[in-house]
$ cat data27.cif   # mmCIF, C-alpha atoms and all ligand atoms
data_final
#
loop_
_atom_site.group_PDB
_atom_site.id
_atom_site.type_symbol
_atom_site.label_atom_id
_atom_site.label_comp_id
_atom_site.auth_asym_id
_atom_site.auth_seq_id
_atom_site.Cartn_x
_atom_site.Cartn_y
_atom_site.Cartn_z
ATOM 1 C CA MET C 126 0.085 13.973 52.850
ATOM 2 C CA CYS C 127 2.931 11.539 52.453
ATOM 3 C CA SER C 128 4.801 11.513 49.141
ATOM 4 C CA GLN C 129 4.397 8.304 47.144
ATOM 5 C CA ASN C 130 5.129 6.633 43.814
ATOM 6 C CA ARG C 131 2.765 8.194 41.363
ATOM 7 C CA LEU C 132 1.898 8.384 37.684
ATOM 8 C CA SER C 133 -0.095 11.492 36.868
ATOM 9 C CA ILE C 134 -1.503 12.186 33.447
ATOM 10 C CA TYR C 135 -2.861 15.620 32.702
ATOM 11 C CA TYR C 136 -4.482 14.841 29.431
ATOM 12 C CA THR C 137 -4.065 18.164 27.729
ATOM 13 C CA THR C 138 -0.651 19.177 29.041
ATOM 14 C CA GLU C 139 1.737 16.556 30.395
ATOM 15 C CA MET C 140 2.419 13.180 31.970
ATOM 16 C CA GLU C 141 4.420 13.057 35.187
ATOM 17 C CA ILE C 142 6.090 9.988 36.721
ATOM 18 C CA SER C 143 7.074 10.489 40.359
ATOM 19 C CA ARG C 144 8.600 8.425 43.150
ATOM 20 C CA ALA C 145 8.615 9.207 46.824
ATOM 21 C CA THR C 146 12.075 10.707 46.386
ATOM 22 C CA GLY C 147 10.973 13.144 43.742
ATOM 23 C CA VAL C 148 9.843 13.645 40.192
ATOM 24 C CA LEU C 149 11.561 11.291 37.731
ATOM 25 C CA LEU C 150 10.136 12.316 34.417
ATOM 26 C CA ILE C 151 7.777 14.841 32.923
ATOM 27 C CA LEU C 152 6.586 14.399 29.357
ATOM 28 C CA ALA C 153 5.010 17.513 27.902
ATOM 29 C CA PHE C 154 2.344 17.054 25.276
ATOM 30 C CA THR C 155 2.084 19.141 22.170
ATOM 31 C CA ALA C 156 -1.428 19.425 20.898
ATOM 32 C CA VAL C 157 -1.755 18.312 17.272
ATOM 33 C CA ALA C 158 -4.867 19.307 15.450
ATOM 34 C CA HIS C 159 -6.318 16.696 13.103
ATOM 35 C CA SER C 160 -9.024 17.836 10.815
ATOM 36 C CA ALA C 161 -11.861 15.403 10.309
ATOM 37 C CA ARG C 162 -12.077 16.207 6.620
ATOM 38 C CA TRP C 163 -9.922 17.121 3.657
ATOM 39 C CA GLU C 164 -10.630 17.969 0.066
ATOM 40 C CA ALA C 165 -8.818 19.589 -2.829
ATOM 41 C CA ASN C 166 -9.263 19.987 -6.542
ATOM 42 C CA LEU C 167 -6.004 18.223 -7.373
ATOM 43 C CA GLY C 168 -6.909 17.555 -10.989
ATOM 44 C CA TRP C 169 -5.058 14.314 -10.454
ATOM 45 C CA CYS C 170 -5.593 11.018 -12.340
ATOM 46 C CA THR C 171 -8.485 12.035 -14.525
ATOM 47 C CA ALA C 172 -10.110 10.530 -17.625
ATOM 48 C CA GLY C 173 -8.137 7.821 -19.369
ATOM 49 C CA SER C 174 -6.236 6.842 -16.223
ATOM 50 C CA LYS C 175 -6.993 4.437 -13.401
ATOM 51 C CA PHE C 176 -6.756 5.374 -9.744
ATOM 52 C CA PHE C 177 -5.315 2.986 -7.111
ATOM 53 C CA LEU C 178 -4.608 3.150 -3.390
ATOM 54 C CA GLY C 179 -1.696 1.688 -1.434
ATOM 55 C CA ASP C 180 0.937 2.600 1.126
ATOM 56 C CA PHE C 181 3.863 2.744 -1.262
ATOM 57 C CA ASN C 182 6.414 4.296 1.110
ATOM 58 C CA GLY C 183 5.370 2.191 4.090
ATOM 59 C CA ASP C 184 4.746 5.080 6.485
ATOM 60 C CA GLY C 185 1.340 3.781 7.490
ATOM 61 C CA LYS C 186 -0.506 6.402 5.448
ATOM 62 C CA THR C 187 -2.365 5.351 2.319
ATOM 63 C CA ASP C 188 -1.056 6.974 -0.878
ATOM 64 C CA PHE C 189 -2.396 7.474 -4.406
ATOM 65 C CA LEU C 190 -1.159 5.734 -7.541
ATOM 66 C CA CYS C 191 -2.297 6.644 -11.025
ATOM 67 C CA HIS C 192 -1.866 4.255 -13.941
ATOM 68 C CA ARG C 193 -2.424 5.246 -17.553
ATOM 69 C CA PRO C 194 -3.405 2.062 -19.452
ATOM 70 C CA SER C 195 -2.582 3.565 -22.851
ATOM 71 C CA ASP C 196 1.174 3.721 -22.196
ATOM 72 C CA GLY C 197 1.837 2.413 -18.661
ATOM 73 C CA TYR C 198 2.820 5.828 -17.269
ATOM 74 C CA LYS C 199 2.683 5.962 -13.438
ATOM 75 C CA TRP C 200 2.260 8.753 -10.920
ATOM 76 C CA ILE C 201 2.403 8.471 -7.125
ATOM 77 C CA ALA C 202 1.203 11.033 -4.590
ATOM 78 C CA PHE C 203 2.316 10.323 -1.039
ATOM 79 C CA ALA C 204 0.102 11.325 1.843
ATOM 80 C CA ASN C 205 1.888 14.073 3.761
ATOM 81 C CA SER C 206 2.339 14.367 7.532
ATOM 82 C CA ASN C 207 -1.209 15.684 7.802
ATOM 83 C CA SER C 208 -2.540 12.710 5.799
ATOM 84 C CA GLN C 209 -3.345 15.039 2.923
ATOM 85 C CA PHE C 210 -2.279 15.294 -0.715
ATOM 86 C CA THR C 211 -0.759 18.203 -2.569
ATOM 87 C CA GLY C 212 0.129 16.557 -5.880
ATOM 88 C CA THR C 213 2.586 14.244 -7.591
ATOM 89 C CA SER C 214 5.530 12.949 -5.526
ATOM 90 C CA TRP C 215 6.993 10.685 -8.213
ATOM 91 C CA GLN C 216 6.258 9.883 -11.842
ATOM 92 C CA LYS C 217 7.785 7.796 -14.568
ATOM 93 C CA ALA C 218 7.076 6.606 -18.082
ATOM 94 C CA MET C 219 7.447 3.012 -16.892
ATOM 95 C CA GLY C 220 5.668 1.441 -19.814
ATOM 96 C CA TRP C 221 4.471 -1.114 -17.288
ATOM 97 C CA CYS C 222 1.273 -3.197 -17.456
ATOM 98 C CA TYR C 223 -0.367 -1.488 -20.399
ATOM 99 C CA HIS C 224 -0.476 -4.138 -23.144
ATOM 100 C CA ALA C 225 -3.808 -5.549 -24.338
ATOM 101 C CA GLY C 226 -5.294 -7.735 -21.610
ATOM 102 C CA ALA C 227 -3.039 -6.329 -18.869
ATOM 103 C CA GLU C 228 -4.656 -5.774 -15.481
ATOM 104 C CA LEU C 229 -2.932 -3.897 -12.667
ATOM 105 C CA HIS C 230 -3.308 -4.924 -9.013
ATOM 106 C CA ILE C 231 -1.858 -3.507 -5.805
ATOM 107 C CA GLY C 232 -0.624 -5.462 -2.767
ATOM 108 C CA ASP C 233 2.375 -5.856 -0.475
ATOM 109 C CA PHE C 234 3.767 -9.093 -1.811
ATOM 110 C CA ASN C 235 7.151 -9.177 0.007
ATOM 111 C CA CYS C 236 5.873 -8.244 3.496
ATOM 112 C CA ASP C 237 7.980 -5.071 3.844
ATOM 113 C CA GLY C 238 5.042 -2.785 4.554
ATOM 114 C CA ARG C 239 5.251 -1.056 1.179
ATOM 115 C CA SER C 240 2.570 -1.709 -1.411
ATOM 116 C CA ASP C 241 3.775 -3.238 -4.676
ATOM 117 C CA MET C 242 2.307 -3.644 -8.143
ATOM 118 C CA LEU C 243 1.267 -6.891 -9.792
ATOM 119 C CA CYS C 244 0.423 -7.107 -13.462
ATOM 120 C CA HIS C 245 -1.856 -9.913 -14.583
ATOM 121 C CA ASP C 246 -2.254 -10.840 -18.239
ATOM 122 C CA THR C 247 -5.879 -11.841 -18.639
ATOM 123 C CA ASN C 248 -5.100 -13.530 -21.984
ATOM 124 C CA ASN C 249 -2.412 -15.984 -20.840
ATOM 125 C CA GLY C 250 -2.064 -15.699 -17.048
ATOM 126 C CA TYR C 251 1.464 -14.264 -17.150
ATOM 127 C CA LYS C 252 2.395 -12.320 -13.975
ATOM 128 C CA TRP C 253 4.828 -9.508 -13.290
ATOM 129 C CA VAL C 254 5.636 -7.968 -9.897
ATOM 130 C CA ALA C 255 7.278 -4.596 -9.295
ATOM 131 C CA LEU C 256 8.307 -4.155 -5.663
ATOM 132 C CA ALA C 257 8.184 -0.666 -4.168
ATOM 133 C CA ASN C 258 11.715 0.413 -3.186
ATOM 134 C CA SER C 259 12.747 2.275 -0.027
ATOM 135 C CA ASN C 260 11.762 5.567 -1.661
ATOM 136 C CA GLY C 261 8.270 4.216 -2.175
ATOM 137 C CA ASP C 262 8.476 4.254 -5.940
ATOM 138 C CA PHE C 263 8.995 1.762 -8.735
ATOM 139 C CA SER C 264 12.117 3.135 -10.393
ATOM 140 C CA GLY C 265 13.567 -0.351 -10.654
ATOM 141 C CA GLY C 266 10.665 -1.701 -12.709
ATOM 142 C CA THR C 267 9.947 -5.433 -12.766
ATOM 143 C CA SER C 268 11.264 -7.398 -9.758
ATOM 144 C CA TRP C 269 9.900 -10.791 -10.745
ATOM 145 C CA LYS C 270 7.943 -12.314 -13.615
ATOM 146 C CA ALA C 271 6.794 -15.735 -14.733
ATOM 147 C CA PRO C 272 4.444 -17.367 -17.243
ATOM 148 C CA LEU C 273 2.236 -18.778 -14.492
ATOM 149 C CA GLY C 274 -0.696 -19.425 -16.806
ATOM 150 C CA TRP C 275 -2.950 -18.844 -13.816
ATOM 151 C CA CYS C 276 -6.414 -17.325 -13.566
ATOM 152 C CA TYR C 277 -7.035 -16.354 -17.162
ATOM 153 C CA HIS C 278 -9.799 -18.733 -18.262
ATOM 154 C CA GLY C 279 -13.252 -17.432 -19.152
ATOM 155 C CA GLY C 280 -15.029 -16.185 -16.023
ATOM 156 C CA ALA C 281 -11.814 -15.909 -14.006
ATOM 157 C CA GLU C 282 -11.303 -12.903 -11.740
ATOM 158 C CA LEU C 283 -8.054 -12.177 -9.944
ATOM 159 C CA HIS C 284 -8.191 -10.705 -6.431
ATOM 160 C CA ILE C 285 -5.477 -9.763 -3.949
ATOM 161 C CA GLY C 286 -5.490 -10.370 -0.183
ATOM 162 C CA ASP C 287 -3.378 -11.797 2.643
ATOM 163 C CA PHE C 288 -5.085 -15.122 3.146
ATOM 164 C CA ASN C 289 -2.503 -16.826 5.388
ATOM 165 C CA GLY C 290 -1.806 -13.854 7.652
ATOM 166 C CA ASP C 291 1.928 -13.569 6.986
ATOM 167 C CA ARG C 292 1.494 -9.849 6.096
ATOM 168 C CA GLY C 293 2.331 -10.621 2.474
ATOM 169 C CA ASP C 294 -0.495 -10.366 -0.018
ATOM 170 C CA ASP C 295 -1.489 -13.449 -1.998
ATOM 171 C CA MET C 296 -3.560 -14.060 -5.129
ATOM 172 C CA LEU C 297 -7.049 -15.469 -5.225
ATOM 173 C CA CYS C 298 -8.732 -16.591 -8.416
ATOM 174 C CA HIS C 299 -12.525 -16.543 -8.441
ATOM 175 C CA ASP C 300 -14.545 -18.242 -11.172
ATOM 176 C CA ARG C 301 -17.660 -16.130 -11.401
ATOM 177 C CA ASN C 302 -19.472 -18.843 -13.395
ATOM 178 C CA THR C 303 -18.919 -21.799 -11.083
ATOM 179 C CA GLY C 304 -17.801 -20.135 -7.853
ATOM 180 C CA TYR C 305 -14.622 -22.234 -7.763
ATOM 181 C CA LYS C 306 -11.709 -20.634 -5.896
ATOM 182 C CA TRP C 307 -7.950 -20.999 -6.078
ATOM 183 C CA ILE C 308 -5.312 -19.320 -3.884
ATOM 184 C CA TRP C 309 -1.632 -18.849 -4.682
ATOM 185 C CA TYR C 310 0.380 -17.742 -1.634
ATOM 186 C CA ALA C 311 3.228 -15.291 -2.178
ATOM 187 C CA SER C 312 6.742 -16.237 -1.109
ATOM 188 C CA SER C 313 8.511 -13.968 1.384
ATOM 189 C CA SER C 314 10.477 -12.415 -1.468
ATOM 190 C CA GLY C 315 7.314 -11.310 -3.235
ATOM 191 C CA SER C 316 7.180 -13.916 -5.955
ATOM 192 C CA PHE C 317 4.794 -16.760 -6.763
ATOM 193 C CA ILE C 318 6.674 -20.020 -7.176
HETATM 194 CA CA CA X 1 2.314 6.158 2.590
HETATM 195 CA CA CA X 2 6.270 -4.539 -0.619
HETATM 196 CA CA CA X 3 0.002 -14.020 2.690
#

$ encode --input "data27.cif" --output "structure tokens"
Amino acid sequence: MCSQNRLSIYYTTEMEISRATGVLLILAFTAVAHSARWEANLGWCTAGSKFFLGDFNGDGKTDFLCHRPSDGYKWIAFANSNSQFTGTSWQKAMGWCYHAGAELHIGDFNCDGRSDMLCHDTNNGYKWVALANSNGDFSGGTSWKAPLGWCYHGGAELHIGDFNGDRGDDMLCHDRNTGYKWIWYASSSGSFI
């Protein structure tokens, strides 16, 4: 049999790229076991706290965030390399988004792949944004704030989503009485101006 250019993939062991003159490259595979399920009694973010999801360190794996509305304390648990959780990765007495009427939302507002926090005041429509830093935490606190006076009337509900497909999350206001909708698109820096 004549030798020829060839790409051979042995699914469980290696991939081999060959030309007629010889083997050019062999990539050996290492089997990685992924369990279909995970569970643990973490005792994490229990009564009196609110549980949120987001990819705060931008590694593609969804992480946990815990917010205590009584004092604004925050905890983050990053998903590990096995997409599992062992406990708190970062915590801080931020005192962020805990005043009466404050409502915490999660979204990536500055398109950097890391989930950020948005605080919405349901009494006056004020907004605060805290951008996740490169460590995937919020040590820097508030990144942007403004008295937008947006989405706080009776029946208003604030929702977060990327409506224009620029990978930055935007705000949608839904009036549950009339069904009216408003969208405010985020700027590339993660603000609403
Ligand atoms: Ca993550
Ligand atoms: Ca972000
Ligand atoms: Ca967007």

$ resolve_selection --input "data27.cif" --expression "the PyMOL selection byres (((chain C and resi 201) around 6) and not hetatm)" --output "PyMOL selection string"
chain C and resi 189-190+200+202+213-215

$ residues_around --input "data27.cif" --residues "Phe288 in chain C" --least-positions-apart "6" --cutoff "10 Å" --atoms "all atoms listed in the file" --output "MDAnalysis selection string"
chainID C and resid 294:297 308:311

$ residues_near_point --input "data27.cif" --point "(-16.2, -15.6, -8.0)" --cutoff "12 Å" --atoms "only C-alpha atoms" --output "PDB file with C-alpha atoms, in the coordinates of the input"
ATOM      1  CA  CYS C 276      -6.414 -17.325 -13.566  1.00  0.00           C
ATOM      2  CA  GLY C 279     -13.252 -17.432 -19.152  1.00  0.00           C
ATOM      3  CA  GLY C 280     -15.029 -16.185 -16.023  1.00  0.00           C
ATOM      4  CA  ALA C 281     -11.814 -15.909 -14.006  1.00  0.00           C
ATOM      5  CA  GLU C 282     -11.303 -12.903 -11.740  1.00  0.00           C
ATOM      6  CA  LEU C 283      -8.054 -12.177  -9.944  1.00  0.00           C
ATOM      7  CA  HIS C 284      -8.191 -10.705  -6.431  1.00  0.00           C
ATOM      8  CA  LEU C 297      -7.049 -15.469  -5.225  1.00  0.00           C
ATOM      9  CA  CYS C 298      -8.732 -16.591  -8.416  1.00  0.00           C
ATOM     10  CA  HIS C 299     -12.525 -16.543  -8.441  1.00  0.00           C
ATOM     11  CA  ASP C 300     -14.545 -18.242 -11.172  1.00  0.00           C
ATOM     12  CA  ARG C 301     -17.660 -16.130 -11.401  1.00  0.00           C
ATOM     13  CA  ASN C 302     -19.472 -18.843 -13.395  1.00  0.00           C
ATOM     14  CA  THR C 303     -18.919 -21.799 -11.083  1.00  0.00           C
ATOM     15  CA  GLY C 304     -17.801 -20.135  -7.853  1.00  0.00           C
ATOM     16  CA  TYR C 305     -14.622 -22.234  -7.763  1.00  0.00           C
ATOM     17  CA  LYS C 306     -11.709 -20.634  -5.896  1.00  0.00           C
ATOM     18  CA  TRP C 307      -7.950 -20.999  -6.078  1.00  0.00           C
TER      19      TRP C 307
END

$ residues_around --input "data27.cif" --residues "Ser174 in chain C" --least-positions-apart "6" --cutoff "12 Å" --atoms "all atoms listed in the file" --output "number ranges by chain"
C: 168, 190-200, 223, 229

$ residues_near_ligand --input "data27.cif" --ligand "ligand CA 2 (chain X)" --cutoff "12 Å" --atoms "only C-alpha atoms and all ligand atoms" --output "count of residues only"
39

$ closest_residue --input "data27.cif" --among "C:Thr187, C:Asn166, C:Asn289, C:Thr247" --to "Gly212 in chain C" --atoms "only C-alpha atoms"
C:Asn166

$ closest_residue --input "data27.cif" --among "C:Ile285, C:Ala145, C:Ala172, C:Leu273" --to "ligand CA 3 (chain X)" --atoms "all atoms listed in the file"
C:Ile285

$ atom_distance --input "data27.cif" --atom1 "CA of Tyr277 in chain C" --atom2 "CA of Cys170 in chain C"
27.8 Å

$ atom_distance --input "data27.cif" --atom1 "CA of Trp253 in chain C" --atom2 "CA of Thr171 in chain C"
25.4 Å

$ closest_residue --input "data27.cif" --among "C:Trp269, C:Gly147, C:Ile318, C:Lys186" --to "Phe210 in chain C" --atoms "only C-alpha atoms"
C:Lys186

$ resolve_selection --input "data27.cif" --expression "the PyMOL selection byres (((chain C and resi 228) around 6) and not hetatm)" --output "list in words"
Ala227, Leu229, Cys244 and His245 of chain C

$ atom_distance --input "data27.cif" --atom1 "CA of Ser208 in chain C" --atom2 "CA of Glu139 in chain C"
25.3 Å

$ axis_aligned_box --input "data27.cif" --around "range 266-280 of chain C" --padding-each-side "6 Å" --output "JSON"
{"center_x": -1.9, "center_y": -10.6, "center_z": -14.5, "size_x": 38.3, "size_y": 29.7, "size_z": 21.4}

$ closest_residue --input "data27.cif" --among "C:Leu178, C:Gly286, C:Gln209, C:Phe203" --to "Ala165 in chain C" --atoms "only C-alpha atoms"
C:Gln209

$ closest_residue --input "data27.cif" --among "C:Lys252, C:His224, C:Lys175, C:Arg162" --to "Phe317 in chain C" --atoms "all atoms listed in the file"
C:Lys252

$ closest_residue --input "data27.cif" --among "C:Ala271, C:Ala225, C:Asn207, C:Asp287" --to "ligand CA 3 (chain X)" --atoms "only C-alpha atoms and all ligand atoms"
C:Asp287
